[in-house]
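Participant: My structure is in entry.cif, and what it holds is mmCIF, C-alpha atoms:
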```cif
data_input
#
loop_
_atom_site.label_atom_id
_atom_site.label_comp_id
_atom_site.auth_asym_id
_atom_site.auth_seq_id
_atom_site.Cartn_x
_atom_site.Cartn_y
_atom_site.Cartn_z
CA MET X 1 -8.49 -0.84 -4.30
CA ALA X 2 -8.01 -4.30 -5.83
CA LEU X 3 -11.42 -5.44 -4.56
CA SER X 4 -13.10 -2.37 -6.02
CA TYR X 5 -11.18 -2.66 -9.31
CA SER X 6 -12.25 -6.31 -9.56
CA LYS X 7 -15.85 -5.26 -8.83
CA ILE X 8 -16.06 -7.46 -5.75
CA THR X 9 -18.59 -6.25 -3.22
CA VAL X 10 -17.62 -6.69 0.39
CA GLU X 11 -19.19 -5.88 3.72
CA GLN X 12 -16.75 -3.73 5.63
CA ARG X 13 -16.58 -3.81 9.39
CA GLU X 14 -14.74 -1.33 11.50
CA VAL X 15 -12.25 -2.84 13.92
CA GLU X 16 -10.81 -1.01 16.89
CA LEU X 17 -7.43 -2.72 17.19
CA LYS X 18 -7.15 -1.89 20.89
CA ASN X 19 -10.41 -3.73 21.47
CA LYS X 20 -10.54 -6.50 18.87
CA PRO X 21 -13.96 -8.11 18.51
CA GLN X 22 -14.24 -11.80 19.31
CA GLU X 23 -15.69 -12.38 15.84
CA LEU X 24 -12.41 -11.20 14.27
CA LEU X 25 -10.29 -13.40 16.55
CA LEU X 26 -12.46 -16.43 15.77
CA VAL X 27 -11.88 -16.12 12.02
CA SER X 28 -8.27 -14.91 12.25
CA PRO X 29 -6.56 -15.60 15.59
CA LYS X 30 -3.60 -13.34 14.76
CA GLY X 31 -6.04 -10.43 15.03
CA THR X 32 -4.61 -8.23 12.29
CA VAL X 33 -6.47 -6.44 9.54
CA PRO X 34 -7.46 -6.72 6.80
CA VAL X 35 -9.30 -10.02 6.93
CA LEU X 36 -11.45 -11.26 4.08
CA VAL X 37 -13.93 -14.04 4.85
CA LEU X 38 -15.14 -15.67 1.66
CA ARG X 39 -18.64 -17.06 1.20
CA ASP X 40 -17.28 -20.60 1.44
CA GLY X 41 -15.75 -19.80 4.84
CA ARG X 42 -12.13 -19.51 3.70
CA VAL X 43 -10.20 -16.70 5.36
CA ILE X 44 -7.58 -14.53 3.68
CA ASP X 45 -5.74 -12.35 6.18
CA GLU X 46 -2.86 -10.80 4.29
CA SER X 47 -3.36 -7.71 2.12
CA ILE X 48 -1.33 -9.05 -0.79
CA ASP X 49 -3.18 -12.37 -0.71
CA ILE X 50 -6.51 -10.52 -0.76
CA MET X 51 -5.29 -8.53 -3.75
CA ILE X 52 -4.13 -11.66 -5.59
CA TRP X 53 -7.41 -13.43 -4.85
CA ALA X 54 -9.42 -10.44 -6.13
CA LEU X 55 -7.34 -10.20 -9.29
CA THR X 56 -7.76 -13.91 -10.01
CA GLN X 57 -11.53 -13.29 -9.93
CA SER X 58 -11.43 -10.36 -12.35
CA ASP X 59 -8.47 -8.50 -13.84
CA PRO X 60 -9.62 -6.60 -16.94
CA ASP X 61 -6.48 -4.45 -17.25
CA ASP X 62 -3.92 -7.16 -16.42
CA TRP X 63 -2.77 -5.90 -13.01
CA LEU X 64 -1.41 -9.38 -12.37
CA PRO X 65 0.96 -9.75 -15.33
CA ILE X 66 2.50 -13.21 -15.59
CA ASP X 67 5.64 -11.88 -17.32
CA LEU X 68 6.37 -9.55 -14.38
CA LYS X 69 5.47 -11.96 -11.58
CA GLU X 70 9.01 -12.31 -10.18
CA LYS X 71 9.73 -8.57 -10.35
CA CYS X 72 6.39 -7.84 -8.67
CA GLN X 73 7.12 -10.30 -5.88
CA GLU X 74 10.62 -8.90 -5.39
CA LEU X 75 9.50 -5.27 -5.04
CA ILE X 76 6.65 -6.18 -2.71
CA HIS X 77 9.03 -8.27 -0.60
CA ILE X 78 11.55 -5.41 -0.34
CA ASN X 79 8.71 -3.10 0.66
CA ASP X 80 7.48 -5.45 3.38
CA ILE X 81 10.86 -6.48 4.78
CA LYS X 82 12.94 -3.30 4.45
CA PHE X 83 10.74 -0.26 3.87
CA LYS X 84 7.79 -1.01 6.16
CA PRO X 85 9.92 -1.05 9.37
CA ILE X 86 11.61 2.20 8.33
CA LEU X 87 8.20 3.73 7.56
CA ASP X 88 6.86 2.73 10.99
CA ASN X 89 9.82 4.37 12.70
CA TYR X 90 9.51 7.46 10.52
CA LYS X 91 5.81 7.82 11.33
CA TYR X 92 6.27 7.11 15.04
CA PRO X 93 9.82 8.18 15.94
CA GLN X 94 8.88 8.45 19.62
CA LYS X 95 8.48 4.64 19.63
CA SER X 96 11.71 4.02 17.70
CA ALA X 97 15.26 3.34 18.82
CA LYS X 98 16.69 6.56 17.33
CA LYS X 99 13.74 8.87 18.15
CA ASP X 100 14.69 10.94 15.09
CA PRO X 101 12.41 11.04 12.02
CA LEU X 102 15.20 12.54 9.91
CA TYR X 103 17.34 9.48 10.61
CA TYR X 104 14.57 7.23 9.26
CA ARG X 105 13.91 9.49 6.30
CA GLU X 106 17.59 9.05 5.40
CA GLU X 107 17.27 5.29 5.91
CA ALA X 108 14.42 5.24 3.37
CA LYS X 109 16.52 7.00 0.74
CA GLU X 110 17.83 3.84 -0.99
CA TYR X 111 14.33 2.41 -1.37
CA LEU X 112 12.75 5.67 -2.52
CA ASN X 113 15.58 6.17 -5.03
CA LYS X 114 14.96 2.67 -6.38
CA LEU X 115 11.27 3.44 -6.95
CA ASN X 116 12.06 6.84 -8.43
CA LEU X 117 14.54 5.28 -10.87
CA LEU X 118 12.02 2.65 -11.93
CA LEU X 119 9.59 5.45 -12.69
CA MET X 120 12.16 7.11 -14.94
CA GLU X 121 11.95 4.03 -17.16
CA ASN X 122 8.15 3.54 -17.17
CA ARG X 123 4.96 5.37 -16.24
CA PHE X 124 4.38 2.82 -13.47
CA LEU X 125 6.83 0.82 -11.38
CA LEU X 126 7.37 -2.13 -13.70
CA SER X 127 5.75 -1.17 -16.98
CA ASN X 128 3.67 1.47 -18.69
CA HIS X 129 0.46 0.17 -17.16
CA ILE X 130 -0.65 -0.38 -13.57
CA SER X 131 0.29 -3.66 -11.93
CA ILE X 132 -0.36 -5.22 -8.55
CA THR X 133 3.00 -3.81 -7.45
CA ASP X 134 1.84 -0.23 -7.91
CA VAL X 135 -1.36 -0.80 -5.97
CA ALA X 136 0.40 -2.79 -3.24
CA LEU X 137 3.14 -0.19 -2.69
CA PHE X 138 1.04 2.95 -3.11
CA PRO X 139 -0.42 2.92 0.45
CA PHE X 140 3.06 2.73 1.98
CA VAL X 141 4.50 5.52 -0.15
CA ARG X 142 1.36 7.54 0.66
CA GLN X 143 1.96 7.04 4.40
CA PHE X 144 5.58 8.14 4.01
CA TYR X 145 4.45 11.21 2.05
CA MET X 146 1.86 12.12 4.70
CA VAL X 147 4.53 12.49 7.42
CA ASP X 148 6.04 15.57 5.76
CA GLN X 149 4.28 16.43 2.52
CA LEU X 150 6.18 19.65 1.90
CA TRP X 151 9.54 17.91 2.21
CA PHE X 152 8.42 15.10 -0.11
CA GLU X 153 7.12 17.56 -2.69
CA GLN X 154 10.47 19.38 -2.67
CA SER X 155 12.58 16.21 -2.65
CA GLU X 156 14.50 14.66 -5.52
CA TYR X 157 11.75 12.02 -5.91
CA LYS X 158 9.89 13.87 -8.67
CA ASN X 159 8.91 10.74 -10.61
CA LEU X 160 7.73 9.05 -7.44
CA LEU X 161 5.74 12.15 -6.51
CA GLY X 162 4.05 12.18 -9.93
CA TRP X 163 3.20 8.48 -9.57
CA LEU X 164 1.83 9.09 -6.08
CA GLN X 165 -0.25 12.06 -7.25
CA PHE X 166 -1.67 9.93 -10.07
CA PHE X 167 -3.00 7.42 -7.55
CA LEU X 168 -4.09 10.05 -5.01
CA SER X 169 -6.26 11.72 -7.64
CA SER X 170 -7.46 8.51 -9.31
CA GLU X 171 -11.17 7.81 -9.40
CA LEU X 172 -10.50 4.35 -7.95
CA PHE X 173 -8.68 5.68 -4.88
CA LEU X 174 -11.13 8.52 -4.31
CA THR X 175 -14.10 6.16 -4.60
CA VAL X 176 -12.59 3.63 -2.20
CA MET X 177 -11.66 6.33 0.31
CA LYS X 178 -15.09 7.93 0.06
CA LYS X 179 -16.83 4.60 0.66
CA THR X 180 -14.51 3.79 3.55
CA TYR X 181 -14.81 7.23 5.13
CA ASN X 182 -18.60 7.31 4.76
CA HIS X 183 -18.89 3.78 6.12
CA PHE X 184 -16.99 4.61 9.29
CA LYS X 185 -18.65 7.95 10.13
#
```
Show how you would write the structure in this file as structure tokens.

Facilitator:
Amino acid sequence: MALSYSKITVEQREVELKNKPQELLLVSPKGTVPVLVLRDGRVIDESIDIMIWALTQSDPDDWLPIDLKEKCQELIHINDIKFKPILDNYKYPQKSAKKDPLYYREEAKEYLNKLNLLLMENRFLLSNHISITDVALFPFVRQFYMVDQLWFEQSEYKNLLGWLQFFLSSELFLTVMKKTYNHFK
């Protein structure tokens, strides 16, 4: 989404993670996606770093606000360190220690409450306009929502649901998903 928002054209390549192409491993030995190879040969292989790079190229609506830098970093860090492992276990309980998705849904409660409370104060997570934090966290909240949409829609996270629905119906998201889906047909 950040690349599209910044109007940066990229060539997308599908990667089957069970059969990683040698070309991927040559540019990024850790073999994870996404990987962005710049024209000058530099490699960026972390989603947040790709987003930051894109926004430093073009950021017409100030998604990378200097005054919120620390708060942005803090929320993204909490997402990556605390929420992401819970999300993985919630999505794939059969691979988890507890084997119970409801256990992991309960574990996510503190984090989801935090986001919901932030959205009581502002339209978006840290202010009344979109920031890198919203776009960085949206895919993870979307994945959580996709596990049990009906439950999420009936949950106490009404502000978070409204925020999620905003992004799910946004032209930016729909355009990116359409391009991605069509590319990989």

Participant: Could you tell me how far CA of Ile52 in chain X lies from CA of Lys84 in chain X, in Å and to one decimal?

Facilitator: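 Result for CA of Ile52 in chain X versus CA of Lys84 in chain X: 19.8 Å, one decimal.
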
Participant: Which residues match the PyMOL selection byres ((chain X and resi 46) around 12) in the file above, as a PyMOL selection string?

Facilitator: chain X and resi 28+30-37+43-45+47-53+80+136

Participant: Mind writing the picked residues with C-alpha atoms as a JSON list (two decimals), in the coordinates of the input?

Facilitator:
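Below you can see again-v8.json, which holds the result:
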```
[["chain", "number", "residue", "atom", "x", "y", "z"],
["X", 28, "SER", "CA", -8.27, -14.91, 12.25],
["X", 30, "LYS", "CA", -3.60, -13.34, 14.76],
["X", 31, "GLY", "CA", -6.04, -10.43, 15.03],
["X", 32, "THR", "CA", -4.61, -8.23, 12.29],
["X", 33, "VAL", "CA", -6.47, -6.44, 9.54],
["X", 34, "PRO", "CA", -7.46, -6.72, 6.80],
["X", 35, "VAL", "CA", -9.30, -10.02, 6.93],
["X", 36, "LEU", "CA", -11.45, -11.26, 4.08],
["X", 37, "VAL", "CA", -13.93, -14.04, 4.85],
["X", 43, "VAL", "CA", -10.20, -16.70, 5.36],
["X", 44, "ILE", "CA", -7.58, -14.53, 3.68],
["X", 45, "ASP", "CA", -5.74, -12.35, 6.18],
["X", 47, "SER", "CA", -3.36, -7.71, 2.12],
["X", 48, "ILE", "CA", -1.33, -9.05, -0.79],
["X", 49, "ASP", "CA", -3.18, -12.37, -0.71],
["X", 50, "ILE", "CA", -6.51, -10.52, -0.76],
["X", 51, "MET", "CA", -5.29, -8.53, -3.75],
["X", 52, "ILE", "CA", -4.13, -11.66, -5.59],
["X", 53, "TRP", "CA", -7.41, -13.43, -4.85],
["X", 80, "ASP", "CA", 7.48, -5.45, 3.38],
["X", 136, "ALA", "CA", 0.40, -2.79, -3.24]]
```

Participant: Find the distance between CA of Leu160 in chain X and CA of Asp67 in chain X and write it in Å to one decimal.

Facilitator: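 Distance between the two atoms: 23.2 Å.
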
Participant: Report the residues retrieved by the PyMOL selection byres ((chain X and resi 125) around 12) from the displayed file, expressed as a PDB file with C-alpha atoms, in the coordinates of the input.

Facilitator:
```
ATOM      1  CA  TRP X  63      -2.770  -5.900 -13.010  1.00  0.00           C
ATOM      2  CA  LEU X  68       6.370  -9.550 -14.380  1.00  0.00           C
ATOM      3  CA  LYS X  71       9.730  -8.570 -10.350  1.00  0.00           C
ATOM      4  CA  CYS X  72       6.390  -7.840  -8.670  1.00  0.00           C
ATOM      5  CA  LEU X  75       9.500  -5.270  -5.040  1.00  0.00           C
ATOM      6  CA  ILE X  76       6.650  -6.180  -2.710  1.00  0.00           C
ATOM      7  CA  LEU X 112      12.750   5.670  -2.520  1.00  0.00           C
ATOM      8  CA  LYS X 114      14.960   2.670  -6.380  1.00  0.00           C
ATOM      9  CA  LEU X 115      11.270   3.440  -6.950  1.00  0.00           C
ATOM     10  CA  ASN X 116      12.060   6.840  -8.430  1.00  0.00           C
ATOM     11  CA  LEU X 117      14.540   5.280 -10.870  1.00  0.00           C
ATOM     12  CA  LEU X 118      12.020   2.650 -11.930  1.00  0.00           C
ATOM     13  CA  LEU X 119       9.590   5.450 -12.690  1.00  0.00           C
ATOM     14  CA  MET X 120      12.160   7.110 -14.940  1.00  0.00           C
ATOM     15  CA  GLU X 121      11.950   4.030 -17.160  1.00  0.00           C
ATOM     16  CA  ASN X 122       8.150   3.540 -17.170  1.00  0.00           C
ATOM     17  CA  ARG X 123       4.960   5.370 -16.240  1.00  0.00           C
ATOM     18  CA  PHE X 124       4.380   2.820 -13.470  1.00  0.00           C
ATOM     19  CA  LEU X 126       7.370  -2.130 -13.700  1.00  0.00           C
ATOM     20  CA  SER X 127       5.750  -1.170 -16.980  1.00  0.00           C
ATOM     21  CA  ASN X 128       3.670   1.470 -18.690  1.00  0.00           C
ATOM     22  CA  HIS X 129       0.460   0.170 -17.160  1.00  0.00           C
ATOM     23  CA  ILE X 130      -0.650  -0.380 -13.570  1.00  0.00           C
ATOM     24  CA  SER X 131       0.290  -3.660 -11.930  1.00  0.00           C
ATOM     25  CA  ILE X 132      -0.360  -5.220  -8.550  1.00  0.00           C
ATOM     26  CA  THR X 133       3.000  -3.810  -7.450  1.00  0.00           C
ATOM     27  CA  ASP X 134       1.840  -0.230  -7.910  1.00  0.00           C
ATOM     28  CA  VAL X 135      -1.360  -0.800  -5.970  1.00  0.00           C
ATOM     29  CA  ALA X 136       0.400  -2.790  -3.240  1.00  0.00           C
ATOM     30  CA  LEU X 137       3.140  -0.190  -2.690  1.00  0.00           C
ATOM     31  CA  PHE X 138       1.040   2.950  -3.110  1.00  0.00           C
ATOM     32  CA  ASN X 159       8.910  10.740 -10.610  1.00  0.00           C
ATOM     33  CA  LEU X 160       7.730   9.050  -7.440  1.00  0.00           C
ATOM     34  CA  GLY X 162       4.050  12.180  -9.930  1.00  0.00           C
ATOM     35  CA  TRP X 163       3.200   8.480  -9.570  1.00  0.00           C
ATOM     36  CA  LEU X 164       1.830   9.090  -6.080  1.00  0.00           C
TER      37      LEU X 164
END
```

Participant: Between X:Glu156, X:Asp59, X:Glu107, X:Glu74, which residue has the minimum interatomic distance to Leu3 in chain X, considering all atoms listed in the file?

Facilitator: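 Of the candidates, the smallest distance to Leu3 in chain X is held by X:Asp59.
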
Participant: One decimal, in Å: what's the spacing between CA of Ala54 in chain X and CA of Val27 in chain X?

Facilitator: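 Those two atoms sit 19.2 Å apart.
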
Participant: I need the output of the PyMOL selection byres ((chain X and resi 8) around 10) for this file as a PyMOL selection string; which residues are they?

Facilitator: chain X and resi 2-7+9-10+54-55+57-58

Participant: Quick test: take range 23-51 of chain X, keep N, CA and C atoms, and write it as a compact mmCIF listing (two decimals), in the first residue's frame.

Facilitator:
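File produced: decode.txt:
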```
# COMPACT_ATOMS: atom_id res chain seq x y z
N GLU X 23 17.13 -16.97 -7.01
CA GLU X 23 17.25 -15.53 -7.20
C GLU X 23 16.90 -14.77 -5.92
N LEU X 24 15.85 -15.20 -5.21
CA LEU X 24 15.47 -14.59 -3.95
C LEU X 24 16.58 -14.77 -2.92
N LEU X 25 17.07 -15.98 -2.79
CA LEU X 25 18.09 -16.29 -1.78
C LEU X 25 19.40 -15.56 -2.06
N LEU X 26 19.68 -15.28 -3.32
CA LEU X 26 20.90 -14.54 -3.66
C LEU X 26 20.81 -13.09 -3.20
N VAL X 27 19.62 -12.48 -3.33
CA VAL X 27 19.49 -11.08 -2.93
C VAL X 27 19.19 -10.93 -1.45
N SER X 28 18.53 -11.94 -0.87
CA SER X 28 18.18 -11.89 0.56
C SER X 28 18.29 -13.29 1.14
N PRO X 29 19.46 -13.64 1.67
CA PRO X 29 19.69 -15.00 2.17
C PRO X 29 18.71 -15.48 3.23
N LYS X 30 18.06 -14.56 3.97
CA LYS X 30 17.10 -15.04 4.97
C LYS X 30 15.85 -15.62 4.33
N GLY X 31 15.61 -15.31 3.06
CA GLY X 31 14.55 -15.96 2.29
C GLY X 31 13.13 -15.63 2.72
N THR X 32 12.92 -14.46 3.30
CA THR X 32 11.57 -14.05 3.67
C THR X 32 11.07 -13.01 2.68
N VAL X 33 9.78 -12.82 2.67
CA VAL X 33 9.19 -11.79 1.81
C VAL X 33 8.47 -10.78 2.70
N PRO X 34 8.36 -9.56 2.27
CA PRO X 34 8.74 -9.03 0.97
C PRO X 34 10.23 -8.68 0.90
N VAL X 35 10.69 -8.56 -0.32
CA VAL X 35 12.04 -8.10 -0.60
C VAL X 35 11.92 -7.07 -1.71
N LEU X 36 12.53 -5.92 -1.50
CA LEU X 36 12.55 -4.88 -2.52
C LEU X 36 13.99 -4.69 -2.96
N VAL X 37 14.24 -4.89 -4.24
CA VAL X 37 15.58 -4.67 -4.80
C VAL X 37 15.51 -3.35 -5.56
N LEU X 38 16.29 -2.39 -5.10
CA LEU X 38 16.30 -1.07 -5.73
C LEU X 38 17.15 -1.08 -6.99
N ARG X 39 16.96 -0.09 -7.83
CA ARG X 39 17.72 0.00 -9.08
C ARG X 39 19.22 0.01 -8.85
N ASP X 40 19.65 0.60 -7.73
CA ASP X 40 21.09 0.68 -7.46
C ASP X 40 21.62 -0.60 -6.82
N GLY X 41 20.76 -1.61 -6.68
CA GLY X 41 21.19 -2.91 -6.15
C GLY X 41 20.97 -3.08 -4.66
N ARG X 42 20.65 -2.00 -3.95
CA ARG X 42 20.37 -2.14 -2.53
C ARG X 42 19.14 -3.00 -2.32
N VAL X 43 19.14 -3.75 -1.21
CA VAL X 43 18.04 -4.65 -0.90
C VAL X 43 17.40 -4.22 0.41
N ILE X 44 16.08 -4.12 0.40
CA ILE X 44 15.32 -3.84 1.62
C ILE X 44 14.41 -5.04 1.82
N ASP X 45 14.59 -5.72 2.97
CA ASP X 45 13.84 -6.96 3.16
C ASP X 45 13.02 -7.03 4.44
N GLU X 46 12.58 -5.88 4.88
CA GLU X 46 11.63 -5.79 5.99
C GLU X 46 10.49 -4.88 5.55
N SER X 47 9.26 -5.31 5.79
CA SER X 47 8.09 -4.54 5.36
C SER X 47 8.13 -3.10 5.82
N ILE X 48 8.42 -2.89 7.09
CA ILE X 48 8.41 -1.52 7.62
C ILE X 48 9.50 -0.68 6.98
N ASP X 49 10.63 -1.28 6.69
CA ASP X 49 11.72 -0.54 6.03
C ASP X 49 11.35 -0.19 4.59
N ILE X 50 10.63 -1.09 3.93
CA ILE X 50 10.15 -0.79 2.57
C ILE X 50 9.17 0.37 2.64
N MET X 51 8.28 0.34 3.62
CA MET X 51 7.31 1.43 3.77
C MET X 51 8.01 2.76 4.02
```
